[in-house]
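Everything below belongs to data.txt, which stores compact mmCIF, C-alpha atoms.
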# COMPACT_ATOMS: atom_id res chain seq x y z
CA MET A 1 5.33 -0.03 -13.04
CA ILE A 2 4.41 3.00 -11.17
CA MET A 3 6.78 5.30 -9.45
CA LEU A 4 4.93 5.99 -6.27
CA PHE A 5 5.80 8.36 -3.50
CA ARG A 6 3.26 7.44 -0.95
CA SER A 7 2.67 10.00 1.75
CA LEU A 8 4.30 8.98 4.99
CA THR A 9 1.25 9.93 7.06
CA LEU A 10 1.04 6.91 9.23
CA ALA A 11 -0.20 5.61 12.44
CA ALA A 12 -0.05 6.06 16.14
CA ALA A 13 -0.40 4.14 19.37
CA LEU A 14 -1.29 0.50 19.44
CA ALA A 15 -3.70 -1.32 21.72
CA ILE A 16 -3.50 -5.12 21.53
CA SER A 17 -6.66 -7.07 22.10
CA ALA A 18 -6.89 -10.57 23.46
CA ALA A 19 -6.93 -13.51 21.11
CA ALA A 20 -10.44 -14.35 19.98
CA ASP A 21 -11.93 -17.75 20.70
CA ASN A 22 -12.10 -18.49 16.97
CA GLY A 23 -8.31 -18.18 16.60
CA ILE A 24 -8.36 -14.79 14.87
CA ILE A 25 -5.93 -12.38 16.48
CA THR A 26 -6.59 -8.63 16.24
CA MET A 27 -4.47 -5.54 16.82
CA LYS A 28 -6.06 -2.11 16.96
CA LEU A 29 -4.52 1.15 15.86
CA ASN A 30 -5.42 4.71 16.77
CA LYS A 31 -6.69 6.95 14.00
CA ILE A 32 -4.53 9.82 12.84
CA PRO A 33 -6.37 13.18 12.81
CA GLU A 34 -7.60 14.28 9.41
CA GLU A 35 -5.70 17.56 9.73
CA ASP A 36 -2.40 15.66 10.04
CA PHE A 37 -3.19 13.55 6.99
CA MET A 38 -4.02 16.58 4.86
CA MET A 39 -0.96 18.47 6.07
CA ASN A 40 1.29 15.64 4.95
CA LEU A 41 -0.68 15.08 1.78
CA LEU A 42 -0.25 18.70 0.74
CA SER A 43 3.41 18.90 1.68
CA SER A 44 5.26 16.77 -0.86
CA HIS A 45 4.42 14.61 -3.88
CA VAL A 46 6.01 13.03 -6.91
CA PRO A 47 4.14 11.44 -9.82
CA PRO A 48 3.25 7.74 -9.88
CA THR A 49 4.68 6.34 -13.08
CA ILE A 50 3.72 3.29 -15.13
CA MET A 51 6.28 1.60 -17.34
CA SER A 52 5.23 -0.30 -20.43
CA ALA A 53 6.21 -3.95 -20.32
CA ASN A 54 8.75 -3.67 -23.12
CA SER A 55 10.59 -0.82 -21.39
CA LEU A 56 11.65 -2.90 -18.38
CA PRO A 57 15.21 -4.25 -18.31
CA SER A 58 14.36 -7.42 -16.43
CA VAL A 59 11.61 -8.93 -14.36
CA ALA A 60 13.98 -9.47 -11.46
CA THR A 61 14.52 -5.76 -10.90
CA GLU A 62 10.86 -4.80 -10.75
CA ARG A 63 9.88 -3.20 -7.49
CA LYS A 64 6.92 -1.38 -6.08
CA LEU A 65 7.96 0.39 -2.91
CA VAL A 66 7.53 4.01 -3.37
CA ARG A 67 7.76 4.84 -5.20
CA GLY A 68 8.96 -0.75 -3.68
CA GLY A 69 7.98 -20.49 17.26
CA GLY A 70 7.43 -23.88 16.51
CA ALA A 71 5.32 -25.64 13.95
CA ARG A 72 1.61 -26.10 14.58
CA PRO A 73 0.55 -29.00 12.40
CA GLN A 74 -3.08 -29.09 13.51
CA ASN A 75 -3.63 -25.51 14.64
CA HIS A 76 -3.79 -23.37 11.53
CA ARG A 77 -4.51 -19.76 12.30
CA GLU A 78 -5.82 -16.72 10.54
CA GLU A 79 -3.89 -13.63 11.64
CA ASN A 80 -6.40 -10.78 11.72
CA VAL A 81 -4.70 -7.49 12.47
CA VAL A 82 -7.14 -4.66 13.08
CA LEU A 83 -6.14 -1.51 11.24
CA ARG A 84 -7.11 2.03 12.10
CA ASN A 85 -7.83 4.15 9.07
CA LYS A 86 -5.26 6.96 8.66
CA MET A 87 -7.87 9.40 7.43
CA ASN A 88 -8.44 6.93 4.60
CA ALA A 89 -4.79 7.10 3.68
CA GLN A 90 -2.38 4.60 5.18
CA TYR A 91 -2.47 1.68 7.59
CA SER A 92 0.06 0.22 9.95
CA GLY A 93 0.23 -2.27 12.76
CA GLU A 94 2.64 -3.62 15.30
CA ILE A 95 4.98 -6.58 14.87
CA LYS A 96 7.78 -7.68 17.16
CA ILE A 97 11.24 -8.90 16.23
CA GLY A 98 13.83 -10.75 18.28
CA THR A 99 14.13 -12.17 21.81
CA PRO A 100 13.15 -10.36 23.94
CA PRO A 101 10.76 -8.90 21.36
CA GLN A 102 11.45 -5.42 20.02
CA PRO A 103 8.26 -3.67 18.76
CA PHE A 104 7.89 -1.89 15.43
CA GLN A 105 5.07 -0.13 13.62
CA VAL A 106 5.01 -1.36 10.02
CA VAL A 107 2.98 -0.58 6.92
CA PHE A 108 1.06 -3.58 5.56
CA ASP A 109 1.81 -3.24 1.85
CA THR A 110 0.27 -5.37 -0.91
CA GLY A 111 2.63 -3.69 -3.37
CA SER A 112 5.86 -5.17 -2.00
CA SER A 113 7.11 -8.43 -0.52
CA ASP A 114 9.98 -7.62 1.84
CA LEU A 115 10.11 -6.83 5.54
CA TRP A 116 12.42 -4.07 6.68
CA VAL A 117 12.87 -2.03 9.84
CA PRO A 118 15.58 0.46 10.85
CA HIS A 119 18.94 -0.74 12.16
CA GLU A 120 20.41 0.88 15.27
CA LYS A 121 22.95 2.58 12.99
CA CYS A 122 20.12 4.48 11.34
CA HIS A 123 20.06 6.92 14.28
CA THR A 124 23.60 8.05 13.55
CA GLU A 125 23.84 7.44 9.80
CA SER A 126 20.55 9.23 8.97
CA PRO A 127 19.76 11.45 11.97
CA MET A 128 17.67 13.84 9.88
CA ASN A 129 14.73 11.45 9.53
CA CYS A 130 15.59 8.37 11.59
CA ALA A 131 16.56 9.74 15.00
CA ALA A 132 13.13 9.19 16.55
CA LYS A 133 12.42 5.78 15.04
CA ASN A 134 12.29 2.45 16.80
CA VAL A 135 15.44 0.63 15.70
CA PHE A 136 16.48 -2.98 15.86
CA VAL A 137 19.53 -3.77 18.00
CA PRO A 138 20.82 -7.20 16.91
CA SER A 139 23.20 -7.61 19.85
CA THR A 140 20.32 -7.55 22.36
CA SER A 141 18.42 -10.41 20.71
CA SER A 142 19.36 -13.95 21.71
CA THR A 143 17.69 -15.36 18.56
CA ASN A 144 19.56 -13.11 16.11
CA HIS A 145 22.19 -14.99 14.15
CA GLU A 146 24.38 -14.81 11.10
CA LEU A 147 22.96 -15.54 7.68
CA PRO A 148 23.54 -18.90 6.04
CA LEU A 149 26.76 -19.13 4.04
CA GLY A 150 26.33 -17.67 0.57
CA SER A 151 23.30 -15.56 1.49
CA LYS A 152 22.81 -12.07 0.12
CA SER A 153 24.03 -9.64 2.78
CA GLN A 154 23.42 -6.15 1.39
CA PHE A 155 20.00 -4.54 1.01
CA SER A 156 19.37 -1.50 -1.17
CA ILE A 157 16.53 0.14 -2.99
CA THR A 158 16.17 3.51 -4.72
CA TYR A 159 13.22 5.68 -3.83
CA GLY A 160 11.86 8.76 -5.53
CA SER A 161 14.05 11.01 -3.38
CA GLY A 162 17.14 8.85 -3.11
CA PRO A 163 18.66 5.54 -2.05
CA VAL A 164 17.92 3.46 1.03
CA SER A 165 20.37 0.79 2.09
CA GLY A 166 21.32 -1.60 4.84
CA ILE A 167 21.95 -5.26 5.53
CA PHE A 168 20.03 -8.51 5.76
CA THR A 169 19.82 -10.39 9.03
CA SER A 170 17.87 -13.30 10.54
CA ASP A 171 15.69 -13.44 13.65
CA GLN A 172 12.24 -14.46 14.82
CA VAL A 173 9.24 -12.28 13.92
CA THR A 174 6.04 -12.20 15.97
CA LEU A 175 2.68 -11.27 14.46
CA GLY A 176 -0.36 -10.66 16.61
CA GLN A 177 0.39 -11.58 20.21
CA ASP A 178 2.04 -14.95 19.87
CA ASP A 179 2.34 -16.24 16.29
CA VAL A 180 6.03 -16.57 15.60
CA VAL A 181 8.07 -17.05 12.44
CA SER A 182 11.50 -18.36 13.37
CA ASP A 183 14.69 -17.64 11.43
CA GLN A 184 13.09 -15.00 9.22
CA ILE A 185 15.54 -13.21 6.92
CA PHE A 186 14.68 -9.51 6.66
CA ALA A 187 16.35 -6.17 5.99
CA LEU A 188 17.75 -3.64 8.44
CA VAL A 189 17.95 -0.13 7.00
CA GLU A 190 21.06 1.80 8.04
CA HIS A 191 20.72 4.74 5.65
CA SER A 192 17.18 6.14 5.31
CA SER A 193 17.83 9.45 3.54
CA GLY A 194 15.94 8.20 0.49
CA LEU A 195 12.70 8.28 2.49
CA GLY A 196 12.95 12.06 2.87
CA THR A 197 11.55 14.31 5.57
CA LEU A 198 8.10 12.71 5.51
CA TYR A 199 9.59 9.60 7.11
CA LYS A 200 10.59 11.75 10.07
CA LYS A 201 7.00 12.95 10.50
CA ALA A 202 5.40 9.55 10.10
CA ASN A 203 4.72 7.30 13.07
CA PHE A 204 5.78 4.11 11.36
CA ASP A 205 9.14 2.41 11.41
CA GLY A 206 9.21 -0.05 8.52
CA ILE A 207 7.29 -2.03 5.94
CA LEU A 208 5.87 -5.55 5.87
CA GLY A 209 5.32 -6.57 2.25
CA LEU A 210 2.34 -8.82 1.51
CA ALA A 211 2.58 -9.11 -2.28
CA PHE A 212 3.73 -11.90 -4.58
CA PRO A 213 7.08 -13.44 -3.54
CA ALA A 214 8.47 -12.64 -7.00
CA LEU A 215 8.82 -9.02 -5.89
CA THR A 216 11.30 -9.71 -3.12
CA GLN A 217 14.69 -7.98 -3.15
CA ASN A 218 16.19 -11.24 -1.92
CA PRO A 219 15.26 -13.98 -4.43
CA GLY A 220 15.20 -17.50 -3.07
CA VAL A 221 14.45 -16.37 0.48
CA ASN A 222 10.98 -16.95 1.91
CA THR A 223 8.87 -13.92 2.72
CA VAL A 224 7.19 -13.60 6.13
CA VAL A 225 3.90 -14.96 4.79
CA GLN A 226 5.63 -17.88 3.06
CA ASN A 227 7.28 -18.84 6.34
CA LEU A 228 3.94 -18.56 8.14
CA LEU A 229 2.77 -21.25 5.72
CA VAL A 230 5.90 -23.41 6.08
CA GLU A 231 5.62 -23.34 9.86
CA ASN A 232 1.88 -24.16 9.71
CA VAL A 233 0.87 -20.93 11.41
CA ILE A 234 -1.59 -20.19 8.59
CA LYS A 235 -3.17 -22.50 6.04
CA SER A 236 -3.40 -20.40 2.89
CA HIS A 237 -1.50 -17.59 1.20
CA VAL A 238 -4.41 -15.18 1.32
CA ILE A 239 -4.42 -11.62 2.68
CA SER A 240 -7.74 -9.85 3.21
CA PHE A 241 -8.42 -6.19 3.94
CA TYR A 242 -11.37 -4.45 5.49
CA VAL A 243 -10.55 -0.76 5.19
CA GLY A 244 -12.65 1.03 7.78
CA ASN A 245 -14.23 4.27 6.65
CA GLY A 246 -13.92 6.37 9.78
CA LYS A 247 -13.64 3.28 12.00
CA ASP A 248 -11.31 0.38 12.77
CA GLY A 249 -10.20 -1.69 9.82
CA GLU A 250 -8.59 -5.10 9.65
CA VAL A 251 -6.10 -7.12 7.69
CA ALA A 252 -6.46 -10.91 7.87
CA ILE A 253 -3.42 -13.01 7.03
CA GLY A 254 -4.20 -16.58 6.07
CA GLY A 255 -7.84 -16.28 5.04
CA MET A 256 -11.01 -14.20 5.20
CA ASN A 257 -13.00 -12.94 8.13
CA GLU A 258 -16.48 -14.17 7.28
CA GLU A 259 -17.96 -12.28 10.21
CA ILE A 260 -17.69 -8.99 8.36
CA MET A 261 -18.15 -10.01 4.71
CA LYS A 262 -20.90 -11.70 2.71
CA LYS A 263 -19.14 -14.78 1.39
CA GLU A 264 -21.94 -15.49 -1.11
CA THR A 265 -21.07 -12.23 -2.91
CA LEU A 266 -17.39 -13.10 -3.34
CA ASN A 267 -16.29 -12.16 -6.86
CA CYS A 268 -12.83 -13.36 -7.92
CA ILE A 269 -10.85 -12.20 -10.97
CA ASP A 270 -7.57 -13.61 -12.28
CA VAL A 271 -4.84 -11.01 -12.12
CA MET A 272 -2.97 -10.20 -15.31
CA GLU A 273 0.21 -12.13 -16.03
CA PRO A 274 2.98 -12.00 -15.09
CA ALA A 275 1.44 -12.06 -11.61
CA ARG A 276 3.63 -9.78 -9.53
CA TYR A 277 1.33 -6.89 -8.77
CA TRP A 278 -2.42 -6.91 -8.24
CA LEU A 279 -3.12 -5.72 -11.77
CA THR A 280 -6.72 -6.80 -12.25
CA PRO A 281 -8.58 -6.53 -15.59
CA MET A 282 -11.84 -4.63 -15.68
CA SER A 283 -14.78 -6.03 -17.62
CA ALA A 284 -16.42 -2.79 -18.74
CA GLN A 285 -16.00 0.95 -19.01
CA VAL A 286 -15.03 3.30 -16.22
CA LYS A 287 -17.88 5.71 -15.48
CA PHE A 288 -17.93 9.09 -13.74
CA GLY A 289 -21.36 10.37 -12.90
CA GLY A 290 -22.86 7.65 -15.10
CA LYS A 291 -20.90 8.79 -18.16
CA VAL A 292 -18.19 6.65 -19.74
CA VAL A 293 -14.79 8.29 -19.24
CA SER A 294 -12.58 5.33 -20.21
CA SER A 295 -13.38 2.34 -22.40
CA GLY A 296 -11.39 -0.49 -23.93
CA ASN A 297 -8.90 -2.58 -21.95
CA ASN A 298 -8.95 -1.03 -18.50
CA ALA A 299 -7.26 -2.59 -15.48
CA GLY A 300 -6.92 -1.66 -11.82
CA ILE A 301 -3.86 -2.01 -9.62
CA ILE A 302 -5.29 -2.69 -6.16
CA ASP A 303 -2.87 -1.30 -3.58
CA SER A 304 -3.35 -1.23 0.20
CA GLY A 305 -0.55 1.31 0.54
CA THR A 306 -2.13 3.93 -1.71
CA SER A 307 -4.51 6.57 -0.41
CA LEU A 308 -6.19 8.02 -3.46
CA ILE A 309 -7.21 6.92 -6.95
CA TYR A 310 -4.93 7.59 -9.90
CA GLY A 311 -5.87 7.34 -13.55
CA PRO A 312 -4.67 8.17 -17.08
CA LYS A 313 -3.65 11.78 -17.60
CA GLN A 314 -6.20 12.89 -20.17
CA VAL A 315 -9.06 11.06 -18.50
CA VAL A 316 -8.39 12.60 -15.09
CA MET A 317 -7.86 16.04 -16.65
CA ASP A 318 -11.28 15.86 -18.26
CA MET A 319 -12.88 14.69 -15.01
CA ALA A 320 -11.29 17.50 -12.99
CA LEU A 321 -12.11 20.20 -15.52
CA GLN A 322 -15.72 18.99 -15.52
CA LEU A 323 -15.76 19.99 -11.83
CA GLY A 324 -14.02 23.31 -12.39
CA GLY A 325 -10.86 21.91 -10.81
CA GLN A 326 -7.72 24.00 -10.59
CA PHE A 327 -4.36 22.30 -10.48
CA ILE A 328 -2.28 23.14 -7.41
CA PRO A 329 1.39 22.55 -8.32
CA GLN A 330 2.59 22.50 -4.70
CA ALA A 331 0.31 19.58 -3.91
CA ASN A 332 -0.03 17.97 -7.33
CA LEU A 333 -3.76 17.78 -6.69
CA PHE A 334 -6.89 19.41 -8.07
CA ALA A 335 -8.55 22.02 -5.88
CA ILE A 336 -12.32 22.10 -6.24
CA SER A 337 -15.07 24.17 -4.67
CA CYS A 338 -16.27 22.78 -1.34
CA ASP A 339 -19.79 23.33 -2.65
CA GLN A 340 -19.10 21.17 -5.70
CA THR A 341 -21.03 17.90 -5.91
CA VAL A 342 -18.60 15.22 -7.05
CA PRO A 343 -20.17 12.38 -9.07
CA ASP A 344 -19.76 8.71 -8.22
CA LEU A 345 -16.86 6.85 -9.84
CA GLU A 346 -17.67 3.34 -11.08
CA PHE A 347 -15.28 0.52 -11.93
CA ASN A 348 -16.37 -2.92 -13.12
CA PHE A 349 -14.55 -6.10 -12.11
CA GLY A 350 -15.72 -9.58 -13.01
CA GLY A 351 -18.94 -8.24 -14.49
CA LYS A 352 -19.94 -6.41 -11.29
CA PRO A 353 -19.93 -2.65 -10.74
CA TYR A 354 -17.96 -1.26 -7.79
CA VAL A 355 -18.82 2.33 -6.95
CA VAL A 356 -16.79 4.93 -5.08
CA PRO A 357 -19.36 7.51 -3.89
CA GLY A 358 -18.66 11.13 -4.70
CA LYS A 359 -18.55 11.96 -0.98
CA ASP A 360 -15.46 9.77 -0.65
CA LEU A 361 -13.76 11.56 -3.55
CA THR A 362 -13.58 14.92 -1.77
CA MET A 363 -10.96 15.96 0.81
CA LYS A 364 -10.74 19.08 2.98
CA ASP A 365 -7.63 20.73 4.35
CA ALA A 366 -7.12 21.51 8.04
CA THR A 367 -8.94 24.84 7.78
CA GLY A 368 -12.03 23.22 6.29
CA THR A 369 -12.15 25.91 3.65
CA ARG A 370 -10.19 24.28 0.82
CA CYS A 371 -11.29 21.10 -0.89
CA PHE A 372 -9.44 18.72 -3.18
CA LEU A 373 -10.36 15.91 -5.55
CA ALA A 374 -9.23 12.48 -4.34
CA ILE A 375 -8.45 11.47 -7.94
CA SER A 376 -5.14 12.32 -9.52
CA ILE A 377 -2.91 11.41 -12.45
CA MET A 378 -0.56 8.54 -13.18
CA MET A 379 2.12 9.21 -15.77
CA PHE A 380 3.65 6.71 -18.18
CA GLY A 381 7.33 5.89 -17.88
CA GLU A 382 8.09 6.25 -21.55
CA GLU A 383 6.97 9.88 -21.51
CA ASN A 384 9.62 12.54 -21.21
CA GLU A 385 8.98 14.14 -17.83
CA GLU A 386 10.40 17.55 -18.76
CA GLU A 387 8.36 17.71 -21.91
CA SER A 388 5.24 16.60 -20.02
CA MET A 389 5.81 19.30 -17.43
CA ALA A 390 6.23 21.94 -20.10
CA ASP A 391 3.07 20.84 -21.86
CA VAL A 392 1.05 21.05 -18.67
CA GLU A 393 2.24 24.56 -17.93
CA THR A 394 0.72 25.68 -21.22
CA LEU A 395 -2.62 24.02 -20.52
CA ASP A 396 -3.91 26.47 -17.90
CA GLN A 397 -2.42 24.32 -15.15
CA GLU A 398 -4.86 21.55 -16.07
CA ILE A 399 -2.54 19.02 -14.47
CA ASP A 400 0.45 16.92 -15.02
CA LEU A 401 1.26 14.78 -12.06
CA GLY A 402 -0.31 14.04 -8.81
CA VAL A 403 0.43 11.54 -6.20
CA GLU A 404 0.28 11.03 -2.52
CA ASN A 405 1.78 7.84 -1.20
CA LEU A 406 4.37 5.90 0.67
CA VAL A 407 7.99 5.36 0.09
CA GLY A 408 9.66 4.13 -3.09
CA ALA A 409 10.32 3.81 -6.73
CA SER A 410 8.79 1.08 -8.78
CA GLN A 411 8.01 -0.24 -12.18
CA ILE A 412 4.87 -2.20 -13.00
CA PRO A 413 4.82 -3.81 -16.44
CA ILE A 414 1.53 -2.83 -18.06
CA PRO A 415 0.56 -4.87 -21.15
CA ALA A 416 0.39 -2.89 -24.37
CA GLY A 417 -3.06 -1.49 -25.03
CA THR A 418 -4.08 -1.59 -21.37
CA THR A 419 -5.26 1.55 -19.58
CA ALA A 420 -4.22 1.28 -15.94
CA TRP A 421 -5.76 2.80 -12.82
CA LEU A 422 -4.15 2.74 -9.38
CA VAL A 423 -6.88 2.25 -6.79
CA GLY A 424 -6.21 2.49 -3.09
CA ASP A 425 -8.07 3.14 0.13
CA ARG A 426 -10.85 5.26 -1.38
CA PHE A 427 -11.84 2.25 -3.46
CA MET A 428 -10.99 -0.49 -0.97
CA MET A 429 -13.15 0.95 1.81
CA GLN A 430 -16.27 0.24 -0.25
CA GLN A 431 -16.02 -3.56 0.04
CA TYR A 432 -14.04 -6.48 1.46
CA ASN A 433 -10.81 -7.07 -0.50
CA VAL A 434 -9.12 -10.46 -0.79
CA PHE A 435 -5.61 -10.88 -2.23
CA ASP A 436 -5.24 -14.58 -3.10
CA VAL A 437 -1.59 -15.26 -3.90
CA GLU A 438 -2.08 -19.01 -4.39
CA LYS A 439 -4.81 -18.67 -7.01
CA LYS A 440 -3.42 -15.43 -8.42
CA GLN A 441 -6.80 -13.81 -7.95
CA MET A 442 -8.14 -10.51 -6.67
CA CYS A 443 -11.52 -10.92 -4.98
CA PHE A 444 -14.17 -8.54 -3.70
CA ALA A 445 -17.16 -9.15 -1.45
CA GLU A 446 -19.90 -7.03 0.01
CA LEU A 447 -19.66 -6.03 3.65
CA LYS A 448 -22.31 -7.21 6.06
CA GLU A 449 -24.90 -4.68 7.16
CA GLY A 450 -23.75 -2.54 10.02
CA ILE A 451 -20.06 -2.99 9.25
As structure tokens, how would this structure be written, given the file I've shared?
Amino acid sequence: MIMLFRSLTLAAALAISAAADNGIITMKLNKIPEEDFMMNLLSSHVPPTIMSANSLPSVATERKLVRGGGARPQNHREENVVLRNKMNAQYSGEIKIGTPPQPFQVVFDTGSSDLWVPHEKCHTESPMNCAAKNVFVPSTSSTNHELPLGSKSQFSITYGSGPVSGIFTSDQVTLGQDDVVSDQIFALVEHSSGLGTLYKKANFDGILGLAFPALTQNPGVNTVVQNLLVENVIKSHVISFYVGNGKDGEVAIGGMNEEIMKKETLNCIDVMEPARYWLTPMSAQVKFGGKVVSSGNNAGIIDSGTSLIYGPKQVVMDMALQLGGQFIPQANLFAISCDQTVPDLEFNFGGKPYVVPGKDLTMKDATGTRCFLAISIMMFGEENEEESMADVETLDQEIDLGVENLVGASQIPIPAGTTAWLVGDRFMMQQYNVFDVEKKQMCFAELKEGI
């Protein structure tokens, strides 16, 4: 899959709104200043990496993190959590765990399936980056209890900068203001060194995975969304994102918010098998400024936890050089002139074009004097990284890797002959995005006027 290192440039204070009359619950987040986003974006990156399907040891080990109440029989809900755009980068929201509830800021991630937050031991075991985090204290929760006999007890995952580990536990999880999942098994991270220094800077505590259950690190255990279904809190395994461009955004768990999208324009595409990630086939060429830059079997990985757009090395190199881009090794991004007009980027899904305007493909640093292209490069796992690095150094710094993203190491099996693109917020903000786990479909719809 891809080895992502998503920038840990997340969120801030939360303001909870009252439950709406239509049963949709919203939670608002404050927007992080653009200067903070760019500072983190320019501070540390590793390349996103795609693995070919035949290079993976087993399906069970695939992972995507960077870079991977009571029942209500007649009262199905849609959980709509309003997200504040992190300078078009990352999104987080508040959940509560335990009794009395302990609050946590979590990243809503369509590229993973597990829930984890820091354990109280994280403060002492990983003081470098965990000392200021909200941590879960099991002994203070009356609903925390031991795992069922025979359950997996140890949690671990390896990120781009090192390992993260902890334990599994069980407690109730509250989404929105009052929708509760009882006896949810989730992970408590005790050692967070693998998240690096960016975790210290970020204002989020953990991750709530919203992807296919097959991605879980704890097979056989229901994810949060699965338990929402079991306990009749929601009626369908659908997660929908409205990524606000300079305004509040929203994630809806359990359905779609038809107040902000044009349902008649809904365009659904079957994701590529095996359905673990949101790898969605494209039906035509990729165009940049109206010119075809990639043809054949293209596919897009739609990822709510990714800020920019990442494409094949040679394609992105050609696009950047067309703009006079200069590769900046420290940031793994292309610097471009702030006077440069960036063309529109067009993908095609289900026979319909989806355009990312050039204005959304340009970023400025805190000084406002340096600009960068919001398109970078995704490497392939079978390539030798040292050789690739050496080649790039002899190509006038044209480029070699570039990524900005959240926490973890991952491997997405890409079918042979498929050219993959990783498309995040810059793409998602252009339309309403529906992740339908039940039907294994990725859907897009136009936003209503004025949204």
With all atoms listed in the file as the counted atoms, please give the residues lying no more than 6 Å from stretch 350-355 of chain A, apart from itself and same-chain residues fewer than 2 positions off, as number ranges by chain. A: 269, 283, 345-348
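For the pair atom CA of A:Met442 and atom CA of A:Phe427, the interatomic distance is 13.7 Å.
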Identify, on the basis of all atoms listed in the file, every residue whose closest approach to A:Gly209 does not exceed 9 Å; exclude the query and any residue fewer than 5 positions from it along the same chain; express the result as a VMD selection string. chain A and resid 107 to 116 216 223 to 225
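Comparing the minimum interatomic distances between A:Tyr199 and each of A:Glu250, A:Phe155, A:Ala131, A:Gln226, counting all atoms listed in the file, we find that A:Ala131 sits nearest.
Interatomic distance, atom CA of A:Asp183 to atom CA of A:Val230: 11.8 Å.
Distances from A:Asp248, A:Glu273, A:Glu146, A:Glu231 to A:Ser182 were compared using only C-alpha atoms, and the smallest one belongs to A:Glu231.
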Around the point (3.5, -13.7, 14.7), in the coordinates given by the file, pick out the residues reaching within 9 Å, counting all atoms listed in the file, and return them as a list in words. Gly69, Glu79, Ile95, Lys96, Gln172, Val173, Thr174, Leu175, Gly176, Gln177, Asp178, Asp179, Val180, Val181, Leu228 and Val233 of chain A
Using all atoms listed in the file, the best pick from A:Val164, A:Val137, A:Val243, A:Ala416 as closest to A:Leu195 would be A:Val164
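For the choices A:Ser170, A:Gln441, A:Asn232, A:Thr143, the atom-to-atom distance to A:Ala275 is smallest for A:Gln441 when using all atoms listed in the file.
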Select, counting all atoms listed in the file, all protein, DNA and RNA residues no farther than 10 Å from (-14.3, 15.6, -2.5) in file coordinates, and express the selection as a list in words. Ala335, Ile336, Ser337, Cys338, Asp339, Gln340, Thr341, Val342, Pro343, Pro357, Gly358, Lys359, Asp360, Leu361, Thr362, Met363, Lys364, Cys371, Phe372, Leu373, Ala374 and Ile375 of chain A
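If all atoms listed in the file are the atoms counted, then among A:Met256, A:Val293, A:Thr369, A:Ile414 the closest residue to A:Ile234 is A:Met256.
Compared by their closest atoms to A:Cys122, and using only C-alpha atoms, the residues A:Ser240, A:Ser193, A:Thr99, A:Ser92 rank with A:Ser193 nearest.
Put simply, atom CA of A:Leu447 is 23.3 Å away from atom CA of A:Trp421.
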Please, could N, CA, C and O atoms be added to stretch 105-114 of chain A and the result written as an mmCIF file, in the coordinates of the input?
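Result file is rebuild22.cif:
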data_model
loop_
_atom_site.group_PDB
_atom_site.id
_atom_site.type_symbol
_atom_site.label_atom_id
_atom_site.label_comp_id
_atom_site.auth_asym_id
_atom_site.auth_seq_id
_atom_site.Cartn_x
_atom_site.Cartn_y
_atom_site.Cartn_z
ATOM 1 N N GLN A 105 6.247 -0.430 14.412
ATOM 2 C CA GLN A 105 5.070 -0.130 13.620
ATOM 3 C C GLN A 105 5.450 -0.297 12.147
ATOM 4 O O GLN A 105 6.434 0.294 11.683
ATOM 5 N N VAL A 106 4.697 -1.117 11.422
ATOM 6 C CA VAL A 106 5.010 -1.360 10.020
ATOM 7 C C VAL A 106 3.782 -1.104 9.146
ATOM 8 O O VAL A 106 2.648 -1.247 9.594
ATOM 9 N N VAL A 107 4.030 -0.734 7.917
ATOM 10 C CA VAL A 107 2.980 -0.580 6.920
ATOM 11 C C VAL A 107 2.706 -1.945 6.303
ATOM 12 O O VAL A 107 3.642 -2.647 5.897
ATOM 13 N N PHE A 108 1.442 -2.350 6.238
ATOM 14 C CA PHE A 108 1.060 -3.580 5.560
ATOM 15 C C PHE A 108 0.856 -3.246 4.089
ATOM 16 O O PHE A 108 -0.121 -2.590 3.724
ATOM 17 N N ASP A 109 1.756 -3.699 3.234
ATOM 18 C CA ASP A 109 1.810 -3.240 1.850
ATOM 19 C C ASP A 109 1.614 -4.374 0.856
ATOM 20 O O ASP A 109 2.460 -5.254 0.752
ATOM 21 N N THR A 110 0.499 -4.341 0.116
ATOM 22 C CA THR A 110 0.270 -5.370 -0.910
ATOM 23 C C THR A 110 1.022 -5.067 -2.195
ATOM 24 O O THR A 110 0.873 -5.791 -3.171
ATOM 25 N N GLY A 111 1.838 -4.028 -2.188
ATOM 26 C CA GLY A 111 2.630 -3.690 -3.370
ATOM 27 C C GLY A 111 4.089 -4.063 -3.245
ATOM 28 O O GLY A 111 4.893 -3.738 -4.108
ATOM 29 N N SER A 112 4.473 -4.745 -2.166
ATOM 30 C CA SER A 112 5.860 -5.170 -2.000
ATOM 31 C C SER A 112 5.882 -6.472 -1.213
ATOM 32 O O SER A 112 4.864 -6.897 -0.666
ATOM 33 N N SER A 113 7.044 -7.107 -1.133
ATOM 34 C CA SER A 113 7.110 -8.430 -0.520
ATOM 35 C C SER A 113 8.138 -8.567 0.591
ATOM 36 O O SER A 113 8.258 -9.624 1.199
ATOM 37 N N ASP A 114 8.912 -7.534 0.848
ATOM 38 C CA ASP A 114 9.980 -7.620 1.840
ATOM 39 C C ASP A 114 9.570 -7.000 3.166
ATOM 40 O O ASP A 114 8.716 -6.110 3.230
#
